[in-house]
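With TSV, C-alpha atoms inside, this is query_17.tsv:
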```tsv
chain	number	residue	atom	x	y	z
A	1	MET	CA	105.66	55.98	-37.31
A	2	GLY	CA	107.95	58.52	-38.90
A	3	ASP	CA	111.22	60.22	-38.08
A	4	PHE	CA	111.19	63.08	-35.58
A	5	SER	CA	114.50	64.70	-36.36
A	6	ALA	CA	115.41	68.30	-35.73
A	7	ASP	CA	115.12	69.21	-39.40
A	8	SER	CA	111.98	67.42	-40.51
A	9	ILE	CA	108.87	65.65	-39.37
A	10	THR	CA	107.88	62.57	-41.34
A	11	GLY	CA	104.71	60.75	-40.42
A	12	PRO	CA	101.16	59.98	-41.50
A	13	LEU	CA	100.70	63.55	-42.71
A	14	GLY	CA	103.79	63.56	-44.88
A	15	THR	CA	107.08	65.40	-44.35
A	16	HIS	CA	107.15	68.92	-42.96
A	17	SER	CA	109.90	71.29	-41.90
A	18	SER	CA	110.30	71.75	-38.18
A	19	GLN	CA	112.66	74.70	-38.60
A	20	CYS	CA	110.13	77.32	-37.58
A	21	LEU	CA	109.27	79.36	-34.56
A	22	VAL	CA	106.11	78.45	-32.74
A	23	PRO	CA	103.79	81.46	-33.10
A	24	SER	CA	102.75	83.12	-29.90
A	25	ASP	CA	99.23	83.03	-31.27
A	26	LEU	CA	98.26	79.37	-31.48
A	27	ASN	CA	95.18	80.21	-33.51
A	28	ALA	CA	97.41	81.72	-36.18
A	29	GLU	CA	99.47	78.55	-36.32
A	30	ILE	CA	96.32	76.45	-36.59
A	31	ASP	CA	95.11	78.64	-39.46
A	32	ALA	CA	98.45	78.20	-41.22
A	33	ILE	CA	98.36	74.41	-41.06
A	34	TRP	CA	94.61	73.92	-41.36
A	35	PRO	CA	94.78	71.83	-44.59
A	36	GLU	CA	97.21	69.43	-42.89
A	37	LEU	CA	94.97	69.22	-39.82
A	38	GLN	CA	92.02	68.28	-42.00
A	39	ARG	CA	94.06	65.38	-43.30
A	40	VAL	CA	94.30	64.07	-39.73
A	41	PHE	CA	90.71	62.86	-39.98
A	42	CYS	CA	91.52	60.79	-43.05
A	43	ASP	CA	94.44	59.18	-41.23
A	44	LEU	CA	92.36	58.60	-38.08
A	45	ARG	CA	89.77	56.82	-40.17
A	46	ALA	CA	92.44	54.44	-41.39
A	47	ILE	CA	93.71	53.91	-37.83
A	48	SER	CA	90.20	53.09	-36.58
A	49	SER	CA	89.74	50.39	-39.23
A	50	PRO	CA	93.01	48.44	-39.50
A	51	GLY	CA	93.38	45.76	-42.14
A	52	THR	CA	93.99	42.11	-41.42
A	53	GLU	CA	97.55	42.45	-42.73
A	54	GLU	CA	98.48	44.87	-39.93
A	55	THR	CA	99.97	43.65	-36.66
A	56	ILE	CA	97.71	43.24	-33.65
A	57	VAL	CA	100.32	44.07	-31.00
A	58	ASN	CA	102.34	47.22	-31.56
A	59	ASP	CA	104.63	47.09	-28.56
A	60	GLU	CA	107.99	48.65	-27.79
A	61	ASP	CA	111.24	47.69	-26.10
A	62	GLN	CA	112.57	49.42	-23.00
A	63	ASP	CA	114.53	51.99	-25.02
A	64	GLU	CA	111.33	52.98	-26.80
A	65	VAL	CA	109.48	53.18	-23.49
A	66	SER	CA	112.14	55.48	-22.09
A	67	ARG	CA	112.01	57.68	-25.17
A	68	ILE	CA	108.23	57.98	-24.97
A	69	GLU	CA	108.36	58.69	-21.23
A	70	ALA	CA	110.75	61.55	-21.95
A	71	LEU	CA	107.99	63.24	-23.96
A	72	ALA	CA	105.82	63.61	-20.86
A	73	ALA	CA	107.72	66.46	-19.22
A	74	PRO	CA	107.26	69.87	-20.93
A	75	THR	CA	110.32	71.29	-22.68
A	76	SER	CA	110.58	74.04	-25.26
A	77	PRO	CA	107.52	74.72	-27.44
A	78	LYS	CA	107.14	72.54	-30.52
A	79	PRO	CA	105.19	73.06	-33.73
A	80	ILE	CA	101.67	71.69	-33.52
A	81	LEU	CA	102.21	69.15	-36.29
A	82	GLN	CA	105.22	67.75	-34.48
A	83	VAL	CA	103.18	67.33	-31.31
A	84	ILE	CA	100.43	65.60	-33.28
A	85	HIS	CA	102.94	63.16	-34.71
A	86	GLN	CA	104.30	62.45	-31.25
A	87	ALA	CA	100.79	61.85	-29.92
A	88	TRP	CA	100.13	59.54	-32.85
A	89	GLU	CA	103.18	57.49	-32.01
A	90	ILE	CA	102.31	57.34	-28.30
A	91	PHE	CA	98.72	56.20	-28.72
A	92	ASP	CA	99.50	53.62	-31.38
A	93	ARG	CA	101.82	51.79	-28.99
A	94	ARG	CA	99.14	49.38	-27.87
A	95	ILE	CA	97.25	46.19	-28.48
A	96	ARG	CA	94.99	47.07	-31.38
A	97	THR	CA	91.72	45.91	-29.87
A	98	ASN	CA	89.97	47.25	-32.98
A	99	HIS	CA	91.84	44.81	-35.22
A	100	PRO	CA	89.45	42.50	-37.11
A	101	LEU	CA	91.39	39.44	-35.90
A	102	PHE	CA	91.55	40.47	-32.24
A	103	VAL	CA	89.13	38.68	-29.90
A	104	GLY	CA	91.06	38.85	-26.62
A	105	PHE	CA	89.16	41.44	-24.61
A	106	ILE	CA	85.51	42.36	-24.18
A	107	PRO	CA	85.78	46.02	-25.31
A	108	PHE	CA	84.72	46.11	-28.93
A	109	THR	CA	85.78	48.27	-31.82
A	110	ALA	CA	84.36	51.76	-31.59
A	111	MET	CA	82.42	52.72	-34.66
A	112	GLN	CA	83.88	55.56	-36.69
A	113	LEU	CA	80.73	57.56	-35.94
A	114	SER	CA	81.50	57.13	-32.25
A	115	TRP	CA	84.90	58.84	-32.25
A	116	LEU	CA	83.55	61.42	-34.67
A	117	GLY	CA	80.87	62.12	-32.09
A	118	ASP	CA	83.58	62.46	-29.45
A	119	THR	CA	85.24	65.06	-31.64
A	120	ILE	CA	82.03	67.09	-31.81
A	121	VAL	CA	81.49	66.78	-28.06
A	122	SER	CA	85.05	67.92	-27.34
A	123	ALA	CA	84.74	70.89	-29.68
A	124	PHE	CA	81.59	72.15	-27.95
A	125	ASN	CA	82.99	71.23	-24.51
A	126	ALA	CA	79.56	71.70	-22.96
A	127	HIS	CA	79.37	71.83	-19.18
A	128	VAL	CA	76.73	69.29	-18.21
A	129	GLY	CA	76.92	69.62	-14.45
A	130	GLY	CA	73.62	71.46	-14.54
A	131	ARG	CA	70.82	72.36	-16.89
A	132	VAL	CA	71.68	76.06	-16.90
A	133	ALA	CA	75.08	75.41	-18.47
A	134	GLY	CA	74.14	72.52	-20.77
A	135	SER	CA	70.40	72.29	-21.30
A	136	GLY	CA	70.66	70.46	-24.65
A	137	PRO	CA	73.03	67.66	-23.56
A	138	CYS	CA	71.20	67.30	-20.24
A	139	ALA	CA	67.89	66.88	-22.06
A	140	ILE	CA	69.40	64.11	-24.20
A	141	GLU	CA	70.84	62.41	-21.14
A	142	ARG	CA	67.49	62.41	-19.38
A	143	ALA	CA	65.50	61.22	-22.40
A	144	LEU	CA	68.00	58.53	-23.43
A	145	ILE	CA	68.23	57.17	-19.88
A	146	GLU	CA	64.43	56.96	-19.72
A	147	TRP	CA	64.23	55.17	-23.08
A	148	LEU	CA	66.92	52.64	-22.18
A	149	ALA	CA	65.33	52.04	-18.77
A	150	SER	CA	62.07	51.17	-20.51
A	151	ARG	CA	63.88	48.70	-22.77
A	152	ILE	CA	65.21	46.75	-19.79
A	153	GLY	CA	61.79	46.63	-18.16
A	154	LEU	CA	62.30	49.16	-15.38
A	155	PRO	CA	59.20	51.08	-14.25
A	156	PRO	CA	58.42	54.70	-15.19
A	157	SER	CA	59.83	55.72	-11.81
A	158	ALA	CA	63.30	54.62	-12.93
A	159	GLY	CA	66.08	56.97	-13.89
A	160	GLY	CA	69.82	57.28	-13.92
A	161	ILE	CA	72.90	59.20	-14.94
A	162	PHE	CA	75.77	58.95	-17.41
A	163	VAL	CA	79.12	58.07	-15.84
A	164	SER	CA	82.58	57.35	-17.16
A	165	GLY	CA	82.22	53.56	-17.20
A	166	GLY	CA	80.95	50.41	-15.54
A	167	SER	CA	83.39	50.64	-12.64
A	168	VAL	CA	82.13	54.06	-11.61
A	169	ALA	CA	78.55	52.90	-12.16
A	170	ASN	CA	79.12	49.95	-9.82
A	171	LEU	CA	80.71	52.20	-7.22
A	172	SER	CA	77.87	54.72	-7.44
A	173	ALA	CA	75.24	52.00	-7.08
A	174	MET	CA	76.99	50.68	-3.99
A	175	VAL	CA	76.90	54.17	-2.46
A	176	VAL	CA	73.17	54.42	-3.16
A	177	ALA	CA	72.53	50.99	-1.61
A	178	ARG	CA	74.66	51.77	1.43
A	179	ASP	CA	72.96	55.08	2.13
A	180	ASP	CA	69.49	53.65	1.53
A	181	LEU	CA	69.78	50.64	3.83
A	182	LEU	CA	72.41	51.50	6.45
A	183	THR	CA	72.70	54.25	8.98
A	184	HIS	CA	76.12	55.80	9.36
A	185	GLU	CA	76.52	54.01	12.68
A	186	ASP	CA	75.87	50.65	10.98
A	187	PHE	CA	78.42	51.01	8.20
A	188	SER	CA	80.96	48.91	10.09
A	189	ARG	CA	78.51	45.98	10.23
A	190	GLY	CA	77.37	46.09	6.62
A	191	ILE	CA	77.98	42.98	4.50
A	192	ILE	CA	78.19	42.85	0.70
A	193	TYR	CA	77.76	39.66	-1.33
A	194	THR	CA	79.10	38.92	-4.78
A	195	SER	CA	80.26	35.87	-6.73
A	196	ASP	CA	83.73	34.61	-7.55
A	197	GLN	CA	83.05	35.65	-11.17
A	198	ALA	CA	82.35	39.30	-10.36
A	199	HIS	CA	84.35	42.08	-11.97
A	200	TYR	CA	87.34	43.29	-9.96
A	201	SER	CA	85.81	46.77	-9.77
A	202	VAL	CA	83.36	45.48	-7.16
A	203	SER	CA	85.99	44.73	-4.52
A	204	LYS	CA	87.82	47.98	-5.30
A	205	ALA	CA	84.61	49.99	-4.99
A	206	ALA	CA	83.80	48.36	-1.66
A	207	ARG	CA	87.13	49.53	-0.28
A	208	ILE	CA	86.71	53.03	-1.68
A	209	ILE	CA	83.29	53.54	-0.06
A	210	GLY	CA	84.49	52.38	3.34
A	211	PHE	CA	84.09	48.60	3.55
A	212	PRO	CA	87.23	46.59	4.39
A	213	ARG	CA	87.94	43.26	2.73
A	214	ASP	CA	86.33	41.28	5.53
A	215	ARG	CA	82.96	42.90	4.79
A	216	LEU	CA	82.86	41.55	1.22
A	217	ARG	CA	81.65	37.97	0.95
A	218	THR	CA	82.50	35.97	-2.17
A	219	ILE	CA	79.87	33.38	-3.09
A	220	PRO	CA	81.24	30.40	-5.02
A	221	SER	CA	79.78	29.82	-8.45
A	222	ASP	CA	78.14	26.62	-9.62
A	223	SER	CA	79.23	24.41	-12.50
A	224	SER	CA	77.83	27.01	-14.94
A	225	PHE	CA	79.82	29.82	-13.29
A	226	ARG	CA	76.67	31.39	-11.80
A	227	MET	CA	76.29	32.58	-8.22
A	228	HIS	CA	75.21	29.71	-5.95
A	229	VAL	CA	71.90	30.93	-4.48
A	230	SER	CA	71.57	28.37	-1.68
A	231	THR	CA	75.06	29.25	-0.43
A	232	LEU	CA	74.08	32.93	-0.44
A	233	LYS	CA	71.01	32.19	1.70
A	234	THR	CA	73.11	30.22	4.20
A	235	MET	CA	75.73	32.94	4.47
A	236	ILE	CA	73.10	35.64	5.04
A	237	THR	CA	71.59	33.65	7.90
A	238	GLU	CA	75.01	33.11	9.48
A	239	GLU	CA	75.90	36.79	9.22
A	240	ARG	CA	72.71	37.89	10.93
A	241	LYS	CA	73.42	35.52	13.80
A	242	LYS	CA	76.77	37.26	14.24
A	243	GLY	CA	75.10	40.64	14.52
A	244	MET	CA	76.15	41.76	11.05
A	245	ILE	CA	73.84	43.56	8.58
A	246	PRO	CA	73.68	42.03	5.11
A	247	PHE	CA	72.47	44.78	2.77
A	248	LEU	CA	73.75	44.32	-0.79
A	249	VAL	CA	73.92	41.55	-3.38
A	250	LEU	CA	75.89	42.25	-6.57
A	251	ALA	CA	74.92	40.00	-9.46
A	252	THR	CA	76.47	39.87	-12.91
A	253	PHE	CA	74.70	39.88	-16.25
A	254	GLY	CA	77.49	38.76	-18.55
A	255	SER	CA	80.69	38.03	-16.64
A	256	THR	CA	84.06	39.14	-17.98
A	257	ASN	CA	85.59	35.66	-17.85
A	258	THR	CA	82.83	33.49	-19.28
A	259	GLY	CA	79.91	35.71	-20.28
A	260	THR	CA	77.63	33.86	-17.88
A	261	ILE	CA	74.57	35.37	-16.24
A	262	ASP	CA	73.75	35.00	-12.56
A	263	PRO	CA	70.23	33.73	-11.69
A	264	ILE	CA	68.81	37.25	-11.39
A	265	ALA	CA	65.19	36.24	-10.68
A	266	GLU	CA	66.21	33.90	-7.86
A	267	LEU	CA	68.55	36.48	-6.38
A	268	ALA	CA	65.78	39.07	-6.56
A	269	GLU	CA	63.55	36.78	-4.50
A	270	VAL	CA	66.28	36.43	-1.89
A	271	ALA	CA	66.74	40.20	-1.86
A	272	ARG	CA	63.00	40.76	-1.32
A	273	ASN	CA	62.77	38.19	1.48
A	274	GLU	CA	65.91	39.43	3.21
A	275	ARG	CA	65.34	43.15	2.50
A	276	LEU	CA	68.58	43.51	0.56
A	277	TRP	CA	69.53	45.73	-2.35
A	278	LEU	CA	70.10	43.90	-5.65
A	279	HIS	CA	72.57	45.55	-8.00
A	280	VAL	CA	73.24	43.98	-11.38
A	281	ASP	CA	76.53	44.60	-13.14
A	282	GLY	CA	75.33	44.60	-16.73
A	283	ALA	CA	78.33	46.48	-18.11
A	284	TYR	CA	78.93	43.71	-20.62
A	285	GLY	CA	75.59	41.97	-21.09
A	286	ALA	CA	72.84	44.56	-20.56
A	287	SER	CA	73.02	45.52	-24.25
A	288	ALA	CA	71.31	42.19	-24.94
A	289	ALA	CA	68.11	43.99	-23.98
A	290	LEU	CA	68.27	45.71	-27.37
A	291	LEU	CA	68.55	42.51	-29.40
A	292	ARG	CA	65.74	42.02	-31.88
A	293	THR	CA	66.75	38.42	-32.53
A	294	ARG	CA	66.63	37.34	-28.86
A	295	PRO	CA	63.61	39.05	-27.29
A	296	GLY	CA	63.22	38.32	-23.61
A	297	LEU	CA	66.86	37.42	-23.03
A	298	ALA	CA	67.35	40.30	-20.60
A	299	ASP	CA	63.88	40.34	-19.03
A	300	ASP	CA	65.24	39.54	-15.57
A	301	LEU	CA	67.04	42.89	-15.44
A	302	ARG	CA	63.73	44.45	-14.39
A	303	HIS	CA	64.20	42.90	-10.94
A	304	ALA	CA	67.29	44.98	-10.18
A	305	HIS	CA	67.21	47.93	-7.78
A	306	SER	CA	70.15	49.32	-9.78
A	307	LEU	CA	72.02	48.41	-12.93
A	308	SER	CA	75.32	49.36	-14.53
A	309	TRP	CA	75.65	49.37	-18.33
A	310	ASP	CA	78.61	50.14	-20.60
A	311	ALA	CA	78.17	51.48	-24.12
A	312	HIS	CA	81.80	50.85	-25.07
A	313	LYS	CA	81.18	47.13	-25.28
A	314	TRP	CA	78.23	45.85	-27.31
A	315	LEU	CA	77.12	49.33	-28.35
A	316	PHE	CA	80.49	49.99	-30.04
A	317	GLN	CA	81.12	53.39	-28.46
A	318	THR	CA	84.39	54.91	-27.33
A	319	TYR	CA	85.65	54.53	-23.77
A	320	GLY	CA	84.14	56.84	-21.19
A	321	PHE	CA	80.48	56.00	-21.78
A	322	GLY	CA	78.83	54.20	-18.88
A	323	MET	CA	75.41	54.41	-17.31
A	324	LEU	CA	73.83	53.86	-13.91
A	325	PHE	CA	70.13	53.05	-13.61
A	326	VAL	CA	68.04	52.97	-10.44
A	327	LYS	CA	64.48	51.75	-10.09
A	328	GLU	CA	63.28	54.73	-8.02
A	329	LYS	CA	65.01	57.89	-9.20
A	330	LEU	CA	63.40	60.37	-6.80
A	331	GLN	CA	64.15	58.18	-3.81
A	332	HIS	CA	67.64	57.02	-4.67
A	333	LEU	CA	69.45	59.62	-6.75
A	334	HIS	CA	69.06	62.62	-4.47
A	335	GLU	CA	71.87	61.38	-2.23
A	336	LEU	CA	74.14	60.78	-5.20
A	337	ILE	CA	73.72	63.98	-7.22
A	338	LEU	CA	74.61	67.41	-5.91
A	339	ILE	CA	71.75	69.72	-6.79
A	340	SER	CA	72.26	73.44	-7.20
A	341	ARG	CA	69.57	75.84	-6.06
A	342	THR	CA	69.42	77.22	-9.59
A	343	CYS	CA	68.50	73.85	-11.03
A	344	ILE	CA	65.81	73.34	-8.44
A	345	ASN	CA	64.24	76.68	-9.20
A	346	ILE	CA	64.18	76.05	-12.94
A	347	ASN	CA	62.85	72.51	-12.85
A	348	PRO	CA	62.57	70.62	-9.57
A	349	THR	CA	62.45	67.23	-11.29
A	350	TRP	CA	65.31	67.78	-13.72
A	351	PRO	CA	68.28	66.54	-11.66
A	352	PHE	CA	66.54	63.19	-11.11
A	353	ARG	CA	66.68	61.92	-14.66
```
Translate this structure into structure tokens?
Amino acid sequence: MGDFSADSITGPLGTHSSQCLVPSDLNAEIDAIWPELQRVFCDLRAISSPGTEETIVNDEDQDEVSRIEALAAPTSPKPILQVIHQAWEIFDRRIRTNHPLFVGFIPFTAMQLSWLGDTIVSAFNAHVGGRVAGSGPCAIERALIEWLASRIGLPPSAGGIFVSGGSVANLSAMVVARDDLLTHEDFSRGIIYTSDQAHYSVSKAARIIGFPRDRLRTIPSDSSFRMHVSTLKTMITEERKKGMIPFLVLATFGSTNTGTIDPIAELAEVARNERLWLHVDGAYGASAALLRTRPGLADDLRHAHSLSWDAHKWLFQTYGFGMLFVKEKLQHLHELILISRTCININPTWPFR
């Protein structure tokens, strides 16, 4: 990154004088530097597709950390181009997970079309909390959720919502399961089951929605890192004898550590026999349902009462794109979504995508 001296700004957009007053009218300043701002997209394209010769880890020492931290607190106004250069420097201090030689984490490289789409979305800044404010985006959400639900074998009664990621999708599904199967008085006796390969968001979500650590049971995995079904059955029986109320099993379709898939069909049978909710964390692996080369790989997802799915993994989208699916939208989403009277009057079925 370039030099941010008092007299000049040198960075990916070239060298510019910083000896200017920041106009009181920001739009006027944007108009004045519009050609330079257009060049930002060219530089962003290069950033989003690094070459193999570039470093993977762009870290900083403590002095650099302190200098960057000092940029957080507002001071005197700065020219827009200077702020852009500072933002560039801040965000490029990272592990470049989009590097062609980086294979360390599950999140994949976002396609250039993805962040371009984010730019369009941000420019429109549509309010999608209700159909009145954002009818176009809401229509796309509803239709896309329905199409994806059909691809994973869920029935026509299925629906869902867009959320910020798999962690929020897991949390939301746990709320739906809790409210569907437990009365408020029984919350303290509710028991949740998951495997030792489950994503850490599961235990965090359990705490957030009111279940202490001793209400989350961790089922050991077998030699293939899949949830051990017979152990689950035994633990459910023991909990019922203690007066507890088992109500939720969280399976994983593509674990973070090994990519393994829990025996969904077997767990679904246990859930049916024991009257439990089966949620599948498919944040990583659910995209396999779209594979043309491996048809049937994700067929067992149809057994889930709810499913989480991330688009910023195998669908190569930017962060902030997660989805929650439920098998019965009219029955299960009404407790999760706040419905305005206006929306109900316009289209009673709209909020339940």
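The coordinates place CA of Arg67 (chain A) at 14.3 Å from CA of His85 (chain A).
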Could you give me, as JSON lines, a per-residue list for region 227-306 of chain A showing, wherever an atom lies at most 12 Å from an atom of region 174-192 of chain A, the closest pair of atoms and their distance in Å to one decimal, using all atoms listed in the file and sorting by chain then residue number from low to high?
```
{"residue": "A:Leu232", "atom": "CA", "partner": "A:Ile192", "partner_atom": "CA", "distance": 10.8}
{"residue": "A:Met235", "atom": "CA", "partner": "A:Ile191", "partner_atom": "CA", "distance": 10.3}
{"residue": "A:Ile236", "atom": "CA", "partner": "A:Ile191", "partner_atom": "CA", "distance": 8.8}
{"residue": "A:Thr237", "atom": "CA", "partner": "A:Ile191", "partner_atom": "CA", "distance": 11.8}
{"residue": "A:Glu238", "atom": "CA", "partner": "A:Ile191", "partner_atom": "CA", "distance": 11.4}
{"residue": "A:Glu239", "atom": "CA", "partner": "A:Ile191", "partner_atom": "CA", "distance": 8.1}
{"residue": "A:Arg240", "atom": "CA", "partner": "A:Ile191", "partner_atom": "CA", "distance": 9.7}
{"residue": "A:Lys242", "atom": "CA", "partner": "A:Arg189", "partner_atom": "CA", "distance": 9.8}
{"residue": "A:Gly243", "atom": "CA", "partner": "A:Arg189", "partner_atom": "CA", "distance": 7.7}
{"residue": "A:Met244", "atom": "CA", "partner": "A:Arg189", "partner_atom": "CA", "distance": 4.9}
{"residue": "A:Ile245", "atom": "CA", "partner": "A:Gly190", "partner_atom": "CA", "distance": 4.8}
{"residue": "A:Pro246", "atom": "CA", "partner": "A:Ile191", "partner_atom": "CA", "distance": 4.4}
{"residue": "A:Phe247", "atom": "CA", "partner": "A:Ile191", "partner_atom": "CA", "distance": 6.0}
{"residue": "A:Leu248", "atom": "CA", "partner": "A:Ile192", "partner_atom": "CA", "distance": 4.9}
{"residue": "A:Val249", "atom": "CA", "partner": "A:Ile192", "partner_atom": "CA", "distance": 6.0}
{"residue": "A:Leu250", "atom": "CA", "partner": "A:Ile192", "partner_atom": "CA", "distance": 7.6}
{"residue": "A:Ala251", "atom": "CA", "partner": "A:Ile192", "partner_atom": "CA", "distance": 11.0}
{"residue": "A:Glu274", "atom": "CA", "partner": "A:Leu181", "partner_atom": "CA", "distance": 11.9}
{"residue": "A:Arg275", "atom": "CA", "partner": "A:Leu181", "partner_atom": "CA", "distance": 8.8}
{"residue": "A:Leu276", "atom": "CA", "partner": "A:Leu181", "partner_atom": "CA", "distance": 7.9}
{"residue": "A:Trp277", "atom": "CA", "partner": "A:Ala177", "partner_atom": "CA", "distance": 6.1}
{"residue": "A:Leu278", "atom": "CA", "partner": "A:Ala177", "partner_atom": "CA", "distance": 8.5}
{"residue": "A:His279", "atom": "CA", "partner": "A:Met174", "partner_atom": "CA", "distance": 7.9}
{"residue": "A:Val280", "atom": "CA", "partner": "A:Met174", "partner_atom": "CA", "distance": 10.7}
{"residue": "A:Asp281", "atom": "CA", "partner": "A:Met174", "partner_atom": "CA", "distance": 11.0}
{"residue": "A:Ala304", "atom": "CA", "partner": "A:Ala177", "partner_atom": "CA", "distance": 11.7}
{"residue": "A:His305", "atom": "CA", "partner": "A:Ala177", "partner_atom": "CA", "distance": 8.7}
{"residue": "A:Ser306", "atom": "CA", "partner": "A:Ala177", "partner_atom": "CA", "distance": 8.7}
```
Would you compute the box with edges along x, y and z of the file around region 78-82 of chain A, including every atom the file lists for it and 4 Å extra on each side, and give its centre and edge lengths in Å to one decimal, as lines of an AutoDock Vina configuration file?
```
center_x = 104.4
center_y = 70.4
center_z = -33.4
size_x = 13.5
size_y = 13.3
size_z = 13.8
```
Near Glu141 (chain A), counting only C-alpha atoms, which residues have an atom at most 9 Å away, once you skip same-chain residues fewer than 3 positions from it, shown as a PyMOL selection string?
chain A and resi 136-138+144-146+160-162+353
Would you save the residues of that selection, restricted to C-alpha atoms, as a CSV table (one decimal), keeping the file's coordinate frame?
```csv
chain,number,residue,atom,x,y,z
A,136,GLY,CA,70.7,70.5,-24.6
A,137,PRO,CA,73.0,67.7,-23.6
A,138,CYS,CA,71.2,67.3,-20.2
A,144,LEU,CA,68.0,58.5,-23.4
A,145,ILE,CA,68.2,57.2,-19.9
A,146,GLU,CA,64.4,57.0,-19.7
A,160,GLY,CA,69.8,57.3,-13.9
A,161,ILE,CA,72.9,59.2,-14.9
A,162,PHE,CA,75.8,59.0,-17.4
A,353,ARG,CA,66.7,61.9,-14.7
```
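Closest approach to Lys329 (chain A) among A:Pro74, A:Pro220, A:Pro156, A:Gly130: A:Pro156, based on all atoms listed in the file.
Coordinates place CA of Ser201 (chain A) at a distance of 7.4 Å from CA of Asn170 (chain A).
All residues of protein, DNA or RNA that reach within 10 Å of Trp115 (chain A), judged by all atoms listed in the file and not counting those fewer than 6 positions away in the chain, are Leu44, Arg45, Ser48, Val121, Gln317, Thr318 and Tyr319 of chain A.
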Residues within 6 Å of (83.3, 30.9, -4.2), file coords, only C-alpha atoms, listed as a VMD selection string
chain A and resid 196 218 to 221
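Restricting the calculation to all atoms listed in the file, the smallest distance between Ala268 (chain A) and any of A:Asp92, A:Asp222, A:Asp43, A:Asp300 is found for A:Asp300.
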Which residue is closest to Leu291 (chain A)? Choose from A:Ala205, A:Ile152, A:Leu171, A:Ala126 and count all atoms listed in the file.
A:Ile152
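Reported to one decimal place, the separation of CA of Ser287 (chain A) from CA of Ile261 (chain A) is 13.0 Å.
In this comparison, which uses all atoms listed in the file, the residue of A:Leu333, A:Phe211, A:Ala169, A:Leu267 approaching Ser308 (chain A) most closely is A:Ala169.
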Just checking: using all atoms listed in the file, which residue out of A:Asn125, A:Gln82, A:Thr258, A:Gln112 ends up closest to Ile47 (chain A)?
A:Gln112
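Proximity to Pro263 (chain A) was assessed for A:Ile68, A:Leu301, A:Val40, A:Ala311 counting only C-alpha atoms; the smallest distance is recorded for A:Leu301.
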Residues within 8 Å of Ala149 (chain A), only C-alpha atoms, excluding chain neighbours under 6 positions, as a VMD selection string
chain A and resid 155 158 to 159 325
Given the point (80.3, 53.1, -12.8) in the file's coordinates, find the residues that have an atom at most 9 Å from it, counting all atoms listed in the file, and give them as a VMD selection string.
chain A and resid 162 to 173 201 283 308 to 310 322 to 324
